[in-house]
Amino acid sequence: MSRSARILLFWAAALVFAVVYTLACAGLPHFGTTVHPYGSRAVAASLRQRTANVVSSINFDQRALDTLGEESILFASVLGTTALLRHARDERVSRPRAGRVLPSTRLLGLVMVPLTLLTGVYIVAHGQLSPGGGFQGGVILATGLHMAYVAADYLVLKRIRPLGVLDVADACGAGAFVALGFAGLIAGAAFLQNVLPLGTFGEISSGGLVPLLNAAVGIEVGSGIIVLLASFLDQAVEVRSETNSGSGERT
């Protein structure tokens, strides 16, 4: 296809998109109106499915297939990053030196690491009841682990960071989401349809499939982010090229 033909095709597609987008925006409710058709239906569906957190009901029940796509994007990003940042032939690994950290910083990290990890677990476990869920809780869990890097140094982080286990957990979390989706097919319903007992509204076991999907996402997101950051930190701290054979640095 010639350059002029590609440009013509682009502008034709852009014109169609602009017209359709304008028509779609014209059909939206006005700002400040009391009529919110999608919101009303989402809230009604959340109550019907006994999920107190409407956002989690949308993400893991009403539009669970979209969430599977989002989780798959993160999984593919982690996989691609670890493949691209693998050690090259002209690189070698050097041991970084331990650095000096203020006692107050160490004390704060000692206190905050367990609190942050506990908060992450709580956010994941109560995603169907209160704001948060697997994505938010997973990020908090990864952040809590890396507070050891801030409060101590990279060597301490490496000792408490089981990358082999986290690699497996990342894959298991992503696979568990898909496996839970097949529960609907086994029950004769649709893929990712909420077919489990819904429980009692407001209880931690409510929401049917929602808390299980929350847990799968929390494991995948937390493990994936730790593995992702490990690839970048290893490159920045430990890996040296043959042309730059300086000693390790404090991180």
# chains A, B, ... in the order shown; residues from 1 in each chain; ligands from 1
$ select_by_dssp --residues "segment 11-211 of chain A" --states "helix (DSSP H, G or I)" --output "number ranges by chain"
A: 11-26, 37-48, 54-62, 64-84, 103-125, 134-151, 154-160, 163-186, 210-211
$ write_last_selection --atoms "C-alpha atoms" --output "compact mmCIF listing (two decimals), in the first residue's frame"
# COMPACT_ATOMS: atom_id res chain seq x y z
CA TRP A 11 -8.38 9.96 7.62
CA ALA A 12 -11.38 7.90 6.51
CA ALA A 13 -11.19 5.79 9.70
CA ALA A 14 -10.61 8.92 11.81
CA LEU A 15 -13.69 10.58 10.32
CA VAL A 16 -15.87 7.55 11.04
CA PHE A 17 -14.52 7.36 14.59
CA ALA A 18 -15.12 11.10 15.15
CA VAL A 19 -18.73 10.85 13.98
CA VAL A 20 -19.50 7.77 16.08
CA TYR A 21 -17.75 9.23 19.13
CA THR A 22 -19.68 12.51 18.82
CA LEU A 23 -22.99 10.66 18.55
CA ALA A 24 -22.10 8.55 21.60
CA CYS A 25 -21.19 11.62 23.66
CA ALA A 26 -24.44 13.31 22.63
CA PRO A 37 -28.77 4.55 33.93
CA TYR A 38 -25.50 2.62 34.09
CA GLY A 39 -24.83 3.50 37.72
CA SER A 40 -28.35 2.57 38.78
CA ARG A 41 -28.13 -0.81 37.07
CA ALA A 42 -24.65 -1.48 38.47
CA VAL A 43 -25.78 -0.73 42.03
CA ALA A 44 -28.88 -2.89 41.63
CA ALA A 45 -26.78 -5.77 40.27
CA SER A 46 -24.29 -5.39 43.13
CA LEU A 47 -27.04 -5.61 45.72
CA ARG A 48 -28.60 -8.54 43.92
CA VAL A 54 -20.09 -1.82 43.86
CA VAL A 55 -16.71 -1.24 42.19
CA SER A 56 -15.61 -4.80 42.97
CA SER A 57 -18.96 -6.08 41.76
CA ILE A 58 -18.37 -4.36 38.42
CA ASN A 59 -14.74 -5.45 38.12
CA PHE A 60 -15.07 -9.07 39.23
CA ASP A 61 -18.67 -9.92 38.42
CA GLN A 62 -20.49 -7.69 35.95
CA ALA A 64 -15.05 -9.81 34.97
CA LEU A 65 -13.94 -10.54 31.40
CA ASP A 66 -12.54 -7.00 31.11
CA THR A 67 -10.63 -7.50 34.35
CA LEU A 68 -9.15 -10.72 32.96
CA GLY A 69 -7.79 -8.66 30.07
CA GLU A 70 -6.26 -6.10 32.44
CA GLU A 71 -4.64 -8.82 34.52
CA SER A 72 -3.29 -10.47 31.37
CA ILE A 73 -1.69 -7.17 30.31
CA LEU A 74 0.21 -6.98 33.60
CA PHE A 75 1.26 -10.63 33.33
CA ALA A 76 2.51 -10.08 29.78
CA SER A 77 4.39 -6.95 30.91
CA VAL A 78 6.18 -8.87 33.66
CA LEU A 79 7.01 -11.72 31.28
CA GLY A 80 8.30 -9.34 28.62
CA THR A 81 10.39 -7.33 31.09
CA THR A 82 12.10 -10.38 32.56
CA ALA A 83 12.88 -11.62 29.05
CA LEU A 84 14.28 -8.28 27.86
CA PRO A 103 18.68 4.38 62.87
CA SER A 104 15.37 6.26 62.73
CA THR A 105 14.84 5.06 59.15
CA ARG A 106 15.58 1.48 60.15
CA LEU A 107 13.15 1.71 63.06
CA LEU A 108 10.42 3.16 60.87
CA GLY A 109 10.92 0.42 58.31
CA LEU A 110 10.88 -2.27 61.00
CA VAL A 111 7.50 -1.00 62.17
CA MET A 112 5.98 -0.24 58.76
CA VAL A 113 6.90 -3.41 56.86
CA PRO A 114 4.59 -5.75 58.82
CA LEU A 115 1.86 -3.09 59.05
CA THR A 116 1.95 -2.49 55.30
CA LEU A 117 1.86 -6.20 54.50
CA LEU A 118 -1.05 -6.69 56.90
CA THR A 119 -2.89 -3.77 55.30
CA GLY A 120 -2.37 -5.29 51.85
CA VAL A 121 -3.80 -8.63 52.96
CA TYR A 122 -6.78 -6.85 54.53
CA ILE A 123 -7.47 -4.82 51.37
CA VAL A 124 -7.42 -7.96 49.21
CA ALA A 125 -9.54 -10.05 51.62
CA GLY A 134 -6.92 -7.37 44.42
CA PHE A 135 -5.25 -4.68 42.34
CA GLN A 136 -4.90 -2.16 45.15
CA GLY A 137 -4.01 -4.75 47.78
CA GLY A 138 -1.42 -6.36 45.51
CA VAL A 139 0.34 -3.02 45.01
CA ILE A 140 0.35 -2.43 48.77
CA LEU A 141 1.84 -5.88 49.39
CA ALA A 142 4.63 -5.22 46.87
CA THR A 143 5.25 -1.80 48.41
CA GLY A 144 5.47 -3.26 51.90
CA LEU A 145 8.17 -5.71 50.86
CA HIS A 146 10.22 -2.98 49.18
CA MET A 147 10.14 -0.84 52.31
CA ALA A 148 12.94 -3.14 53.47
CA TYR A 149 14.98 -1.72 50.59
CA VAL A 150 14.38 1.82 51.80
CA ALA A 151 14.88 1.07 55.49
CA TYR A 154 19.40 -4.11 48.62
CA LEU A 155 21.06 -7.09 50.31
CA VAL A 156 18.30 -7.24 52.93
CA LEU A 157 15.65 -7.03 50.21
CA LYS A 158 17.25 -9.94 48.36
CA ARG A 159 17.21 -12.10 51.50
CA ILE A 160 13.49 -11.62 52.09
CA LEU A 163 11.91 -14.61 43.48
CA GLY A 164 11.55 -18.27 42.53
CA VAL A 165 8.40 -18.61 44.63
CA LEU A 166 7.04 -15.27 43.42
CA ASP A 167 7.57 -16.25 39.77
CA VAL A 168 5.39 -19.30 40.35
CA ALA A 169 2.85 -17.29 42.37
CA ASP A 170 2.54 -14.75 39.55
CA ALA A 171 1.71 -17.47 37.04
CA CYS A 172 -0.61 -19.26 39.48
CA GLY A 173 -2.53 -16.05 40.21
CA ALA A 174 -3.09 -15.38 36.52
CA GLY A 175 -4.02 -19.01 35.89
CA ALA A 176 -6.38 -19.12 38.87
CA PHE A 177 -8.44 -16.26 37.42
CA VAL A 178 -8.94 -18.25 34.21
CA ALA A 179 -9.60 -21.47 36.12
CA LEU A 180 -12.30 -19.78 38.21
CA GLY A 181 -13.88 -18.59 34.99
CA PHE A 182 -14.35 -22.20 33.92
CA ALA A 183 -16.47 -22.78 37.03
CA GLY A 184 -19.31 -21.08 35.20
CA LEU A 185 -18.90 -23.34 32.17
CA ILE A 186 -18.81 -26.43 34.37
CA VAL A 210 -15.87 -12.07 43.74
CA PRO A 211 -13.62 -12.70 46.80
$ atom_distance --atom1 "atom CA of Ile225 of chain A" --atom2 "atom CA of Arg161 of chain A"
12.0 Å
$ residues_around --residues "Arg50 of chain A" --least-positions-apart "2" --cutoff "8 Å" --atoms "only C-alpha atoms" --output "list in words"
Ser46, Leu47, Arg48, Ala52, Leu198, Gly199, Thr200, Phe201, Gly202, Ser206 and Gly207 of chain A
$ write_last_selection --atoms "all heavy atoms" --output "compact mmCIF listing (two decimals), in the first residue's frame"
# COMPACT_ATOMS: atom_id res chain seq x y z
N SER A 46 -25.17 -5.14 41.98
CA SER A 46 -24.29 -5.39 43.13
C SER A 46 -25.08 -5.85 44.34
O SER A 46 -24.70 -6.80 45.03
CB SER A 46 -23.50 -4.12 43.46
OG SER A 46 -22.73 -4.29 44.62
N LEU A 47 -26.20 -5.20 44.60
CA LEU A 47 -27.04 -5.61 45.72
C LEU A 47 -27.65 -7.00 45.48
O LEU A 47 -27.75 -7.81 46.41
CB LEU A 47 -28.16 -4.58 45.94
CG LEU A 47 -27.71 -3.18 46.38
CD1 LEU A 47 -28.88 -2.23 46.41
CD2 LEU A 47 -27.05 -3.25 47.75
N ARG A 48 -28.02 -7.25 44.24
CA ARG A 48 -28.60 -8.54 43.92
C ARG A 48 -27.58 -9.66 44.10
O ARG A 48 -27.94 -10.78 44.50
CB ARG A 48 -29.12 -8.51 42.48
CG ARG A 48 -29.87 -9.77 42.06
CD ARG A 48 -30.56 -9.59 40.73
NE ARG A 48 -29.63 -9.27 39.66
CZ ARG A 48 -29.53 -8.07 39.08
NH1 ARG A 48 -30.31 -7.07 39.48
NH2 ARG A 48 -28.67 -7.85 38.11
N ALA A 52 -21.13 -5.79 48.62
CA ALA A 52 -21.29 -4.46 49.19
C ALA A 52 -20.49 -3.39 48.43
O ALA A 52 -20.92 -2.25 48.32
CB ALA A 52 -20.87 -4.46 50.66
N LEU A 198 -23.87 -17.00 47.06
CA LEU A 198 -23.61 -15.57 47.27
C LEU A 198 -23.41 -15.21 48.73
O LEU A 198 -22.89 -14.14 49.03
CB LEU A 198 -24.78 -14.76 46.70
CG LEU A 198 -25.01 -14.93 45.19
CD1 LEU A 198 -26.22 -14.13 44.74
CD2 LEU A 198 -23.77 -14.50 44.40
N GLY A 199 -23.83 -16.06 49.65
CA GLY A 199 -23.61 -15.78 51.06
C GLY A 199 -24.52 -14.67 51.58
O GLY A 199 -25.52 -14.31 50.96
N THR A 200 -24.13 -14.09 52.71
CA THR A 200 -24.91 -13.05 53.37
C THR A 200 -24.30 -11.68 53.09
O THR A 200 -23.09 -11.49 53.21
CB THR A 200 -24.95 -13.28 54.89
OG1 THR A 200 -25.48 -14.59 55.14
CG2 THR A 200 -25.82 -12.23 55.58
N PHE A 201 -25.14 -10.73 52.71
CA PHE A 201 -24.66 -9.39 52.38
C PHE A 201 -23.91 -8.78 53.57
O PHE A 201 -24.38 -8.80 54.70
CB PHE A 201 -25.85 -8.50 52.02
CG PHE A 201 -25.46 -7.13 51.54
CD1 PHE A 201 -25.14 -6.90 50.21
CD2 PHE A 201 -25.39 -6.06 52.43
CE1 PHE A 201 -24.78 -5.65 49.77
CE2 PHE A 201 -25.03 -4.81 52.00
CZ PHE A 201 -24.72 -4.59 50.66
N GLY A 202 -22.71 -8.24 53.31
CA GLY A 202 -21.92 -7.61 54.34
C GLY A 202 -20.96 -8.54 55.06
O GLY A 202 -20.13 -8.08 55.82
N SER A 206 -19.32 -13.17 51.44
CA SER A 206 -20.38 -12.81 50.50
C SER A 206 -19.79 -12.53 49.12
O SER A 206 -18.59 -12.37 48.96
CB SER A 206 -21.12 -11.57 51.00
OG SER A 206 -20.24 -10.46 51.08
N GLY A 207 -20.65 -12.47 48.13
CA GLY A 207 -20.23 -12.10 46.78
C GLY A 207 -19.95 -13.27 45.87
O GLY A 207 -19.64 -13.07 44.69
